[in-house]
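Enquirer: Contents of entry39.txt (compact mmCIF, C-alpha atoms) are below:
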# COMPACT_ATOMS: atom_id res chain seq x y z
CA MET A 39 18.23 33.06 29.34
CA ASN A 40 21.76 32.70 27.96
CA ALA A 41 23.99 29.93 29.30
CA GLU A 42 27.54 30.69 30.48
CA TYR A 43 30.43 28.76 28.97
CA VAL A 44 34.21 28.58 29.18
CA LEU A 45 36.33 27.83 26.13
CA THR A 46 39.96 26.84 26.66
CA LEU A 47 42.33 26.16 23.80
CA SER A 48 45.93 25.72 22.78
CA CYS A 49 47.48 25.74 19.32
CA PRO A 50 50.65 26.73 17.47
CA ASP A 51 51.27 30.44 18.03
CA ARG A 52 50.35 32.39 14.89
CA PRO A 53 48.45 35.56 13.95
CA GLY A 54 44.68 35.50 13.74
CA VAL A 55 43.73 33.07 16.52
CA VAL A 56 42.08 35.64 18.78
CA ALA A 57 40.30 37.25 15.83
CA ALA A 58 38.99 33.89 14.63
CA VAL A 59 37.69 32.88 18.06
CA SER A 60 36.11 36.23 18.89
CA GLY A 61 34.63 36.43 15.39
CA LEU A 62 32.98 33.03 15.73
CA LEU A 63 31.56 34.03 19.10
CA ALA A 64 30.25 37.32 17.74
CA ARG A 65 28.56 35.64 14.78
CA SER A 66 26.94 33.19 17.21
CA GLY A 67 25.47 36.01 19.30
CA CYS A 68 27.76 35.41 22.26
CA ASN A 69 28.88 38.04 24.79
CA ILE A 70 32.47 37.68 26.10
CA THR A 71 32.69 38.37 29.85
CA GLU A 72 36.34 37.40 30.44
CA SER A 73 39.28 36.68 28.14
CA GLN A 74 42.91 35.78 28.86
CA GLN A 75 45.67 34.55 26.60
CA PHE A 76 49.37 33.73 26.66
CA GLY A 77 51.95 32.92 24.04
CA ASP A 78 54.76 30.60 25.13
CA GLN A 79 57.65 31.85 23.02
CA ASN A 80 59.89 28.90 23.85
CA ALA A 81 57.31 26.30 22.86
CA GLU A 82 55.83 28.55 20.15
CA ARG A 83 52.39 27.67 21.47
CA PHE A 84 49.38 29.87 22.20
CA PHE A 85 46.94 29.40 25.11
CA MET A 86 43.57 31.07 25.61
CA ARG A 87 40.63 31.04 28.01
CA VAL A 88 37.38 32.77 27.10
CA GLN A 89 34.31 32.98 29.30
CA PHE A 90 31.11 34.05 27.59
CA ARG A 91 27.31 33.96 27.56
CA ALA A 92 25.61 32.34 24.61
CA PRO A 93 22.06 31.75 23.35
CA LEU A 94 23.13 28.44 21.75
CA PRO A 95 23.23 24.93 23.24
CA HIS A 96 26.57 23.32 24.10
CA ASP A 97 26.52 20.80 21.23
CA GLU A 98 25.97 23.51 18.61
CA LEU A 99 28.79 25.66 19.93
CA ALA A 100 31.15 22.68 20.19
CA ALA A 101 30.39 21.77 16.58
CA ALA A 102 31.17 25.32 15.46
CA PHE A 103 34.58 25.26 17.18
CA ALA A 104 35.28 21.78 15.84
CA THR A 105 34.92 23.27 12.36
CA LEU A 106 37.34 26.10 13.19
CA ALA A 107 39.94 23.99 15.03
CA PRO A 108 41.68 22.27 12.06
CA GLU A 109 42.62 25.59 10.47
CA PHE A 110 44.74 26.50 13.50
CA GLY A 111 45.74 23.03 14.75
CA MET A 112 43.66 23.84 17.78
CA GLU A 113 42.97 21.63 20.81
CA PHE A 114 39.98 22.95 22.71
CA LYS A 115 37.51 22.24 25.51
CA LEU A 116 34.09 23.82 25.94
CA ARG A 117 32.35 23.63 29.30
CA ASP A 118 28.91 24.71 30.45
CA LEU A 119 29.53 26.42 33.81
CA SER A 120 26.11 25.40 35.11
CA VAL A 121 27.35 21.79 35.24
CA LYS A 122 29.51 21.27 38.34
CA PRO A 123 32.55 18.98 37.99
CA ARG A 124 32.03 15.65 39.76
CA VAL A 125 34.88 15.03 42.21
CA LEU A 126 36.18 11.98 44.07
CA ILE A 127 38.36 12.81 47.07
CA MET A 128 40.92 10.30 48.29
CA VAL A 129 42.38 10.51 51.80
CA SER A 130 44.26 8.46 54.36
CA ARG A 131 44.26 9.49 58.03
CA PHE A 132 44.95 13.25 57.86
CA GLY A 133 41.61 15.01 57.49
CA HIS A 134 42.51 18.71 57.31
CA CYS A 135 42.39 19.04 53.51
CA LEU A 136 39.23 16.92 53.24
CA ASN A 137 37.53 18.97 55.96
CA ASP A 138 38.51 22.22 54.24
CA LEU A 139 37.18 21.12 50.84
CA LEU A 140 33.91 19.85 52.33
CA TYR A 141 33.41 23.17 54.14
CA ARG A 142 34.20 25.26 51.06
CA VAL A 143 31.70 23.31 48.97
CA ARG A 144 28.95 23.60 51.60
CA SER A 145 29.66 27.33 51.98
CA GLY A 146 29.43 27.97 48.24
CA LEU A 147 33.11 28.90 47.99
CA LEU A 148 34.00 25.99 45.74
CA ASP A 149 31.73 25.16 42.81
CA ILE A 150 32.21 21.40 42.56
CA GLU A 151 30.15 18.35 43.48
CA ILE A 152 31.95 15.94 45.81
CA VAL A 153 30.27 12.68 44.87
CA ALA A 154 32.27 10.34 47.12
CA VAL A 155 35.31 9.97 49.38
CA ALA A 156 37.59 6.93 49.26
CA SER A 157 40.27 6.00 51.76
CA ASN A 158 42.64 3.21 52.67
CA HIS A 159 41.58 3.77 56.31
CA PRO A 160 38.13 4.01 57.96
CA ASP A 161 39.01 6.98 60.22
CA LEU A 162 37.32 9.80 58.27
CA ARG A 163 34.01 8.07 57.62
CA PRO A 164 32.12 10.07 60.35
CA LEU A 165 33.34 13.42 58.97
CA THR A 166 32.43 12.51 55.40
CA GLN A 167 29.02 11.07 56.24
CA SER A 168 28.14 14.14 58.33
CA TYR A 169 28.04 15.93 54.97
CA GLY A 170 25.81 13.23 53.46
CA ILE A 171 28.55 11.95 51.16
CA ASP A 172 29.34 8.30 50.45
CA TYR A 173 32.53 6.96 52.05
CA HIS A 174 34.36 3.95 50.65
CA HIS A 175 36.99 2.12 52.70
CA LEU A 176 39.45 0.54 50.26
CA PRO A 177 42.26 -0.96 52.36
CA VAL A 178 45.66 -1.60 50.83
CA THR A 179 47.04 -4.98 51.82
CA PRO A 180 50.28 -6.65 50.69
CA GLY A 181 49.93 -7.90 47.15
CA ALA A 182 46.42 -6.53 46.74
CA LYS A 183 47.20 -3.05 45.40
CA PRO A 184 46.13 -3.85 41.79
CA ARG A 185 42.75 -4.98 43.08
CA GLN A 186 42.41 -1.86 45.24
CA GLU A 187 43.20 0.39 42.26
CA ALA A 188 40.65 -1.52 40.18
CA GLU A 189 38.10 -0.63 42.86
CA ILE A 190 39.13 3.02 42.57
CA LEU A 191 38.55 2.93 38.83
CA ALA A 192 35.17 1.26 39.41
CA LEU A 193 34.20 4.14 41.72
CA ILE A 194 35.31 6.68 39.12
CA GLU A 195 33.12 5.00 36.52
CA HIS A 196 30.16 4.50 38.87
CA TYR A 197 30.08 8.11 40.02
CA GLN A 198 31.05 9.52 36.60
CA VAL A 199 33.99 11.28 38.22
CA GLU A 200 35.74 14.05 36.28
CA LEU A 201 38.40 14.98 38.86
CA VAL A 202 40.21 12.97 41.54
CA VAL A 203 41.71 14.93 44.44
CA LEU A 204 44.39 13.29 46.57
CA ALA A 205 43.82 15.20 49.81
CA ARG A 206 46.80 13.76 51.69
CA TYR A 207 46.28 10.26 50.31
CA MET A 208 49.41 8.53 51.55
CA GLN A 209 49.70 5.85 48.89
CA VAL A 210 51.70 5.93 45.66
CA LEU A 211 49.53 5.38 42.61
CA SER A 212 50.74 2.92 40.00
CA SER A 213 51.99 4.20 36.65
CA GLU A 214 48.99 2.58 34.97
CA LEU A 215 46.50 4.45 37.18
CA CYS A 216 48.42 7.71 36.77
CA GLU A 217 48.18 7.39 33.00
CA LYS A 218 44.42 6.77 33.16
CA LEU A 219 43.99 9.86 35.35
CA ALA A 220 46.34 12.13 33.38
CA GLY A 221 45.24 15.76 33.64
CA ARG A 222 42.35 14.96 35.99
CA ALA A 223 44.00 14.07 39.30
CA ILE A 224 45.44 16.67 41.69
CA ASN A 225 47.78 15.95 44.61
CA ILE A 226 49.00 18.07 47.52
CA HIS A 227 52.34 17.71 49.29
CA HIS A 228 54.67 19.72 51.46
CA SER A 229 57.16 21.67 49.37
CA PHE A 230 60.11 20.28 51.31
CA LEU A 231 60.43 17.53 48.74
CA PRO A 232 63.00 16.54 47.70
CA SER A 233 65.04 18.27 50.40
CA PHE A 234 63.25 16.59 53.30
CA LYS A 235 62.19 13.10 52.26
CA GLY A 236 60.88 10.34 54.46
CA ALA A 237 59.17 10.53 57.82
CA LYS A 238 58.38 13.74 59.72
CA PRO A 239 59.44 16.32 57.11
CA TYR A 240 58.41 19.23 59.33
CA HIS A 241 60.63 17.94 62.13
CA GLN A 242 63.50 17.67 59.65
CA ALA A 243 62.80 21.22 58.51
CA HIS A 244 62.79 22.44 62.11
CA ASP A 245 66.16 20.80 62.72
CA ARG A 246 67.56 22.66 59.71
CA GLY A 247 66.15 26.02 60.83
CA VAL A 248 64.06 26.74 57.74
CA LYS A 249 62.55 30.21 57.32
CA LEU A 250 59.78 29.30 54.88
CA ILE A 251 57.50 26.31 54.75
CA GLY A 252 55.12 25.59 51.94
CA ALA A 253 52.90 23.25 49.95
CA THR A 254 52.54 22.40 46.28
CA ALA A 255 49.40 21.30 44.43
CA HIS A 256 50.16 19.52 41.18
CA TYR A 257 48.74 17.12 38.64
CA VAL A 258 49.51 13.47 39.33
CA THR A 259 52.01 11.71 37.08
CA SER A 260 54.02 8.50 37.34
CA ASP A 261 57.00 10.63 38.44
CA LEU A 262 56.32 10.89 42.17
CA ASP A 263 55.54 14.48 43.26
CA GLU A 264 56.96 15.88 40.02
CA GLY A 265 53.77 16.51 38.03
CA PRO A 266 52.90 19.91 36.48
CA ILE A 267 52.54 22.45 39.29
CA ILE A 268 49.20 24.25 39.59
CA GLU A 269 49.65 26.29 42.78
CA GLN A 270 52.11 26.82 45.62
CA GLU A 271 51.71 28.58 48.95
CA VAL A 272 54.26 29.48 51.64
CA ALA A 273 54.32 30.78 55.21
CA ARG A 274 57.23 32.42 57.02
CA VAL A 275 58.46 30.77 60.21
CA ASN A 276 61.33 31.39 62.64
CA HIS A 277 63.36 29.89 65.47
CA SER A 278 60.53 30.35 67.99
CA HIS A 279 58.27 27.86 66.22
CA SER A 280 58.29 24.31 67.52
CA PRO A 281 58.02 21.28 65.21
CA GLU A 282 54.36 21.04 66.23
CA ASP A 283 53.87 24.69 65.22
CA LEU A 284 55.35 23.93 61.80
CA VAL A 285 53.02 20.97 61.38
CA ALA A 286 49.99 23.15 62.17
CA ILE A 287 51.12 25.98 59.89
CA GLY A 288 51.98 23.50 57.17
CA ARG A 289 48.52 21.95 57.28
CA ASP A 290 46.90 25.37 56.84
CA VAL A 291 49.17 26.08 53.87
CA GLU A 292 48.32 22.70 52.33
CA CYS A 293 44.59 23.46 52.58
CA VAL A 294 44.95 26.83 50.87
CA ALA A 295 47.12 25.58 48.01
CA LEU A 296 44.91 22.55 47.33
CA ALA A 297 41.66 24.53 47.45
CA ARG A 298 42.98 27.07 44.96
CA ALA A 299 44.19 24.35 42.61
CA VAL A 300 40.84 22.54 42.70
CA LYS A 301 38.93 25.81 42.20
CA TRP A 302 41.07 26.86 39.24
CA HIS A 303 40.80 23.42 37.65
CA ALA A 304 37.02 23.41 38.12
CA GLU A 305 36.78 26.86 36.51
CA GLN A 306 38.87 25.69 33.54
CA ARG A 307 41.68 28.11 34.42
CA VAL A 308 44.52 25.57 34.15
CA LEU A 309 45.98 24.51 30.81
CA LEU A 310 48.78 21.96 30.45
CA ASP A 311 51.92 23.15 28.68
CA GLY A 312 54.21 20.12 28.55
CA HIS A 313 55.64 19.58 32.04
CA LYS A 314 54.20 22.84 33.37
CA THR A 315 50.87 24.63 33.49
CA ILE A 316 49.44 27.91 32.29
CA VAL A 317 47.09 29.28 34.95
CA PHE A 318 44.64 32.10 34.26
CA PRO A 319 43.43 33.13 37.75
CA ARG A 320 40.70 35.72 38.18
I'd like the structure from this file rewritten - as structure tokens, please.

Expert:
Amino acid sequence: MNAEYVLTLSCPDRPGVVAAVSGLLARSGCNITESQQFGDQNAERFFMRVQFRAPLPHDELAAAFATLAPEFGMEFKLRDLSVKPRVLIMVSRFGHCLNDLLYRVRSGLLDIEIVAVASNHPDLRPLTQSYGIDYHHLPVTPGAKPRQEAEILALIEHYQVELVVLARYMQVLSSELCEKLAGRAINIHHSFLPSFKGAKPYHQAHDRGVKLIGATAHYVTSDLDEGPIIEQEVARVNHSHSPEDLVAIGRDVECVALARAVKWHAEQRVLLDGHKTIVFPR
């Protein structure tokens, strides 16, 4: 039975890239089931995602593309879709995003493997362990943040984590940790930033009479909440909504935006393009 793969690539935009990729796949006996591409005219760079079935093992296909890549200055990734990405979720005290991701995985709506949950608080241990998943309490104390982040990196190595999801993890990661997790850590925050900074952003938004509230899922960088955006979601509100209503609506929006971002990342539908992303949703 043929295995199913996803190839993602980026390279300088020039004629012949699609023909070269599809030709290699055809010669290898592969059957393309989905193909999307985009040329960024400003950056003069080409992006492509191809999903296909192949009779060849992963290593043989990867070697074939490694031979093709230098001709086009191509950066590529090849993933076997039967192998689920291994995910570490990090949380603090708000459990709505964690609960949503756990439910989606159990229901078969999100094709990832949550290997562990880490938190700077013990509050969400019962929820996590009810799903049979390891929970690690890593408190942050004054002056001990480097040690706590070293423990995070130890967990990533121990569980062979491919993606870290900050599901309302209310701690700022150091620049060093952000660099080590570049392109493989996703954060969620309310889209009021930078307009409503500090405590109780939904209450601030209510005081200003906002008409839309939202959330943004993005890759983590050392620039706080300014990493490449993967997905955004909004909900319309009005004067009849209380601050508590906005908090509840905002939490739902956060769950939806984060789940989509994680799903698209896991399906290799997100490609980095400088400070932004190219997303190829189904």

Enquirer: Find the spatial neighbours of segment 263-275 of chain A, counting all atoms listed in the file, within a cut-off of 9 Å - ignore same-chain residues fewer than 3 positions away - and output them as number ranges by chain.

Expert: A: 224-227, 229, 231-232, 248-260, 278-279, 284, 287-288, 291-292, 294-296, 298-299, 302-303, 308, 310-317

Enquirer: Restricting it to C-alpha atoms, dump the selection as a compact mmCIF listing (two decimals), in the coordinates of the input.

Expert:
# COMPACT_ATOMS: atom_id res chain seq x y z
CA ILE A 224 45.44 16.67 41.69
CA ASN A 225 47.78 15.95 44.61
CA ILE A 226 49.00 18.07 47.52
CA HIS A 227 52.34 17.71 49.29
CA SER A 229 57.16 21.67 49.37
CA LEU A 231 60.43 17.53 48.74
CA PRO A 232 63.00 16.54 47.70
CA VAL A 248 64.06 26.74 57.74
CA LYS A 249 62.55 30.21 57.32
CA LEU A 250 59.78 29.30 54.88
CA ILE A 251 57.50 26.31 54.75
CA GLY A 252 55.12 25.59 51.94
CA ALA A 253 52.90 23.25 49.95
CA THR A 254 52.54 22.40 46.28
CA ALA A 255 49.40 21.30 44.43
CA HIS A 256 50.16 19.52 41.18
CA TYR A 257 48.74 17.12 38.64
CA VAL A 258 49.51 13.47 39.33
CA THR A 259 52.01 11.71 37.08
CA SER A 260 54.02 8.50 37.34
CA SER A 278 60.53 30.35 67.99
CA HIS A 279 58.27 27.86 66.22
CA LEU A 284 55.35 23.93 61.80
CA ILE A 287 51.12 25.98 59.89
CA GLY A 288 51.98 23.50 57.17
CA VAL A 291 49.17 26.08 53.87
CA GLU A 292 48.32 22.70 52.33
CA VAL A 294 44.95 26.83 50.87
CA ALA A 295 47.12 25.58 48.01
CA LEU A 296 44.91 22.55 47.33
CA ARG A 298 42.98 27.07 44.96
CA ALA A 299 44.19 24.35 42.61
CA TRP A 302 41.07 26.86 39.24
CA HIS A 303 40.80 23.42 37.65
CA VAL A 308 44.52 25.57 34.15
CA LEU A 310 48.78 21.96 30.45
CA ASP A 311 51.92 23.15 28.68
CA GLY A 312 54.21 20.12 28.55
CA HIS A 313 55.64 19.58 32.04
CA LYS A 314 54.20 22.84 33.37
CA THR A 315 50.87 24.63 33.49
CA ILE A 316 49.44 27.91 32.29
CA VAL A 317 47.09 29.28 34.95

Enquirer: Within 12 Å of Ala154 of chain A, counting all atoms listed in the file, which residues qualify if same-chain residues fewer than 3 places away don't, as number ranges by chain?

Expert: A: 124-129, 136, 140, 150-151, 157, 163, 166-167, 169-175, 190, 193-203

Enquirer: One number please: atom CA of Ser213 of chain A to atom CA of Leu262 of chain A, in Å, one decimal.

Expert: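 So the two atoms, atom CA of Ser213 of chain A and atom CA of Leu262 of chain A, lie 9.7 Å apart.
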
Enquirer: So, with all atoms listed in the file as the atoms that count, which of A:Leu147, A:Ala188, A:Ala205, A:Leu116 lies closest to Lys218 of chain A?

Expert: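 Residue with the minimum atom-to-atom distance to Lys218 of chain A: A:Ala188.
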
Enquirer: What is the atom CA of Tyr141 of chain A to atom CA of Ala286 of chain A distance in Å?

Expert: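 Rounded to one decimal, the two atoms are 18.4 Å apart.
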
Enquirer: Is there a way to complete segment 47-64 of chain A with N, CA, C and O atoms and then write that out as a short mmCIF file (atom, residue, chain, number, x, y, z; two decimals), in the frame of the given file?

Expert:
data_model
loop_
_atom_site.label_atom_id
_atom_site.label_comp_id
_atom_site.auth_asym_id
_atom_site.auth_seq_id
_atom_site.Cartn_x
_atom_site.Cartn_y
_atom_site.Cartn_z
N LEU A 47 41.72 26.71 25.00
CA LEU A 47 42.33 26.16 23.80
C LEU A 47 43.83 26.37 23.82
O LEU A 47 44.36 27.24 24.51
N SER A 48 44.51 25.53 23.04
CA SER A 48 45.93 25.72 22.78
C SER A 48 46.18 25.32 21.33
O SER A 48 45.49 24.46 20.78
N CYS A 49 47.16 26.00 20.73
CA CYS A 49 47.48 25.74 19.32
C CYS A 49 48.83 26.36 19.01
O CYS A 49 49.37 27.13 19.82
N PRO A 50 49.42 26.04 17.87
CA PRO A 50 50.65 26.73 17.47
C PRO A 50 50.42 28.24 17.44
O PRO A 50 49.36 28.71 17.01
N ASP A 51 51.41 28.98 17.94
CA ASP A 51 51.27 30.44 18.03
C ASP A 51 51.40 31.07 16.64
O ASP A 51 52.44 30.94 15.99
N ARG A 52 50.35 31.74 16.19
CA ARG A 52 50.35 32.39 14.89
C ARG A 52 49.32 33.51 14.90
O ARG A 52 48.42 33.53 15.75
N PRO A 53 49.42 34.48 13.99
CA PRO A 53 48.45 35.56 13.95
C PRO A 53 47.05 35.06 13.60
O PRO A 53 46.88 34.06 12.88
N GLY A 54 46.05 35.74 14.14
CA GLY A 54 44.68 35.50 13.74
C GLY A 54 43.86 34.60 14.64
O GLY A 54 42.65 34.45 14.42
N VAL A 55 44.48 33.99 15.68
CA VAL A 55 43.73 33.07 16.52
C VAL A 55 42.66 33.81 17.30
O VAL A 55 41.48 33.40 17.31
N VAL A 56 43.04 34.89 17.97
CA VAL A 56 42.08 35.64 18.78
C VAL A 56 40.96 36.19 17.91
O VAL A 56 39.77 36.12 18.27
N ALA A 57 41.31 36.70 16.73
CA ALA A 57 40.30 37.25 15.83
C ALA A 57 39.32 36.17 15.37
O ALA A 57 38.11 36.39 15.29
N ALA A 58 39.85 34.98 15.08
CA ALA A 58 38.99 33.89 14.63
C ALA A 58 38.03 33.44 15.72
O ALA A 58 36.83 33.22 15.48
N VAL A 59 38.54 33.33 16.95
CA VAL A 59 37.69 32.88 18.06
C VAL A 59 36.64 33.93 18.40
O VAL A 59 35.45 33.62 18.52
N SER A 60 37.06 35.18 18.55
CA SER A 60 36.11 36.23 18.89
C SER A 60 35.10 36.45 17.76
O SER A 60 33.92 36.73 18.01
N GLY A 61 35.55 36.29 16.53
CA GLY A 61 34.63 36.43 15.39
C GLY A 61 33.56 35.36 15.39
O GLY A 61 32.38 35.65 15.14
N LEU A 62 33.96 34.12 15.67
CA LEU A 62 32.98 33.03 15.73
C LEU A 62 31.97 33.29 16.84
O LEU A 62 30.75 33.08 16.65
N LEU A 63 32.46 33.75 17.98
CA LEU A 63 31.56 34.03 19.10
C LEU A 63 30.59 35.16 18.76
O LEU A 63 29.40 35.10 19.08
N ALA A 64 31.11 36.19 18.10
CA ALA A 64 30.25 37.32 17.74
C ALA A 64 29.16 36.89 16.76
O ALA A 64 27.99 37.26 16.89
#
